[in-house]
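Next comes entry-v9.cif, a file with mmCIF, C-alpha atoms.
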```
data_work
#
loop_
_atom_site.group_PDB
_atom_site.id
_atom_site.type_symbol
_atom_site.label_atom_id
_atom_site.label_comp_id
_atom_site.auth_asym_id
_atom_site.auth_seq_id
_atom_site.Cartn_x
_atom_site.Cartn_y
_atom_site.Cartn_z
ATOM 1 C CA MET B 1016 -13.175 -6.193 45.568
ATOM 2 C CA SER B 1017 -14.983 -5.667 48.869
ATOM 3 C CA GLU B 1018 -13.844 -3.047 51.349
ATOM 4 C CA GLN B 1019 -12.631 -4.290 54.712
ATOM 5 C CA TYR B 1020 -13.316 -3.156 58.239
ATOM 6 C CA LYS B 1021 -10.770 -0.528 59.327
ATOM 7 C CA GLY B 1022 -11.369 -0.108 63.066
ATOM 8 C CA ASP B 1023 -13.616 1.115 65.882
ATOM 9 C CA ILE B 1024 -14.100 4.836 66.464
ATOM 10 C CA LEU B 1025 -15.963 6.604 69.255
ATOM 11 C CA ILE B 1026 -17.175 10.125 68.505
ATOM 12 C CA VAL B 1027 -18.028 12.399 71.440
ATOM 13 C CA ASP B 1028 -19.867 15.583 70.478
ATOM 14 C CA ASP B 1029 -22.861 17.441 71.881
ATOM 15 C CA THR B 1030 -23.940 18.728 68.464
ATOM 16 C CA PRO B 1031 -26.244 16.225 66.711
ATOM 17 C CA GLU B 1032 -25.346 17.512 63.241
ATOM 18 C CA ASN B 1033 -21.640 16.876 63.872
ATOM 19 C CA LEU B 1034 -22.336 13.364 65.141
ATOM 20 C CA LYS B 1035 -24.475 12.561 62.118
ATOM 21 C CA PHE B 1036 -21.954 13.927 59.610
ATOM 22 C CA LEU B 1037 -18.898 12.276 61.159
ATOM 23 C CA SER B 1038 -20.692 8.970 61.737
ATOM 24 C CA LYS B 1039 -21.917 8.790 58.153
ATOM 25 C CA THR B 1040 -18.580 9.833 56.659
ATOM 26 C CA LEU B 1041 -16.538 7.356 58.700
ATOM 27 C CA ALA B 1042 -19.019 4.502 58.246
ATOM 28 C CA GLU B 1043 -18.773 5.004 54.481
ATOM 29 C CA GLN B 1044 -15.026 4.458 54.879
ATOM 30 C CA HIS B 1045 -15.711 1.114 56.622
ATOM 31 C CA TYR B 1046 -15.110 2.140 60.208
ATOM 32 C CA LYS B 1047 -17.367 0.892 62.974
ATOM 33 C CA VAL B 1048 -18.615 4.101 64.575
ATOM 34 C CA ARG B 1049 -20.140 4.660 67.990
ATOM 35 C CA SER B 1050 -21.331 8.116 68.957
ATOM 36 C CA VAL B 1051 -22.267 9.707 72.270
ATOM 37 C CA THR B 1052 -23.133 13.206 73.412
ATOM 38 C CA ASP B 1053 -21.258 13.593 76.702
ATOM 39 C CA GLY B 1054 -18.250 12.562 78.762
ATOM 40 C CA PRO B 1055 -19.943 10.108 81.146
ATOM 41 C CA MET B 1056 -21.435 8.205 78.205
ATOM 42 C CA ALA B 1057 -18.032 8.196 76.495
ATOM 43 C CA LEU B 1058 -16.388 6.706 79.582
ATOM 44 C CA THR B 1059 -18.996 3.952 79.723
ATOM 45 C CA VAL B 1060 -18.450 3.032 76.076
ATOM 46 C CA ALA B 1061 -14.662 3.242 76.389
ATOM 47 C CA GLN B 1062 -14.700 0.883 79.368
ATOM 48 C CA THR B 1063 -16.927 -1.701 77.693
ATOM 49 C CA ALA B 1064 -15.825 -1.726 74.053
ATOM 50 C CA PRO B 1065 -12.429 -2.008 72.365
ATOM 51 C CA LEU B 1066 -11.713 1.225 70.477
ATOM 52 C CA ASP B 1067 -9.009 2.250 68.044
ATOM 53 C CA LEU B 1068 -9.714 5.976 68.186
ATOM 54 C CA ILE B 1069 -11.751 8.478 70.222
ATOM 55 C CA LEU B 1070 -12.680 11.814 68.631
ATOM 56 C CA LEU B 1071 -13.615 14.441 71.236
ATOM 57 C CA ASP B 1072 -15.276 17.803 70.808
#
```

Can the structure from this file be put into structure tokens for me?
Amino acid sequence: MSEQYKGDILIVDDTPENLKFLSKTLAEQHYKVRSVTDGPMALTVAQTAPLDLILLD
């Protein structure tokens, strides 16, 4: 049985290690993950892409 897409998540964190860990972990659980390192970039993504969840540092 194939796993199905679960939703879109935006991760906002200025620590590259955190972004890498969270992105990998959530992608393995079949979430579409976008990651950015600051607030202005997060606003741009949030305004242009439908998101189900935003995780902020």

query = Given the file above and the PyMOL selection byres ((chain B and resi 1024-1031) around 7), which residues are selected, and can you give them as a PyMOL selection string?
reply = chain B and resi 1022-1023+1032-1035+1046-1053+1057+1066-1072

inquiry  = Between CA of Gln1062 (chain B) and CA of Glu1043 (chain B), what distance in Å does the model show, to one decimal?
reply    =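 According to the coordinates, CA of Gln1062 (chain B) and CA of Glu1043 (chain B) are separated by 25.6 Å.
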
message = Under the PyMOL selection byres ((chain B and resi 1020) around 6), which residues of this model are included? Write them out as a ChimeraX atom specification.
response = /B:1019,1021,1045-1046

Emit as JSON the padded axis-aligned box for all listed atoms of region 1039-1058 of chain B, 5 Å per side, with centre and edge lengths in Å to one decimal.
```
{"center_x": -19.1, "center_y": 7.2, "center_z": 67.8, "size_x": 18.1, "size_y": 22.7, "size_z": 36.7}
```

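Shortest atom-to-atom contact with Glu1018 (chain B) among B:Leu1037, B:Ala1042, B:Ala1064, B:Met1056: B:Ala1042, counting all atoms listed in the file.
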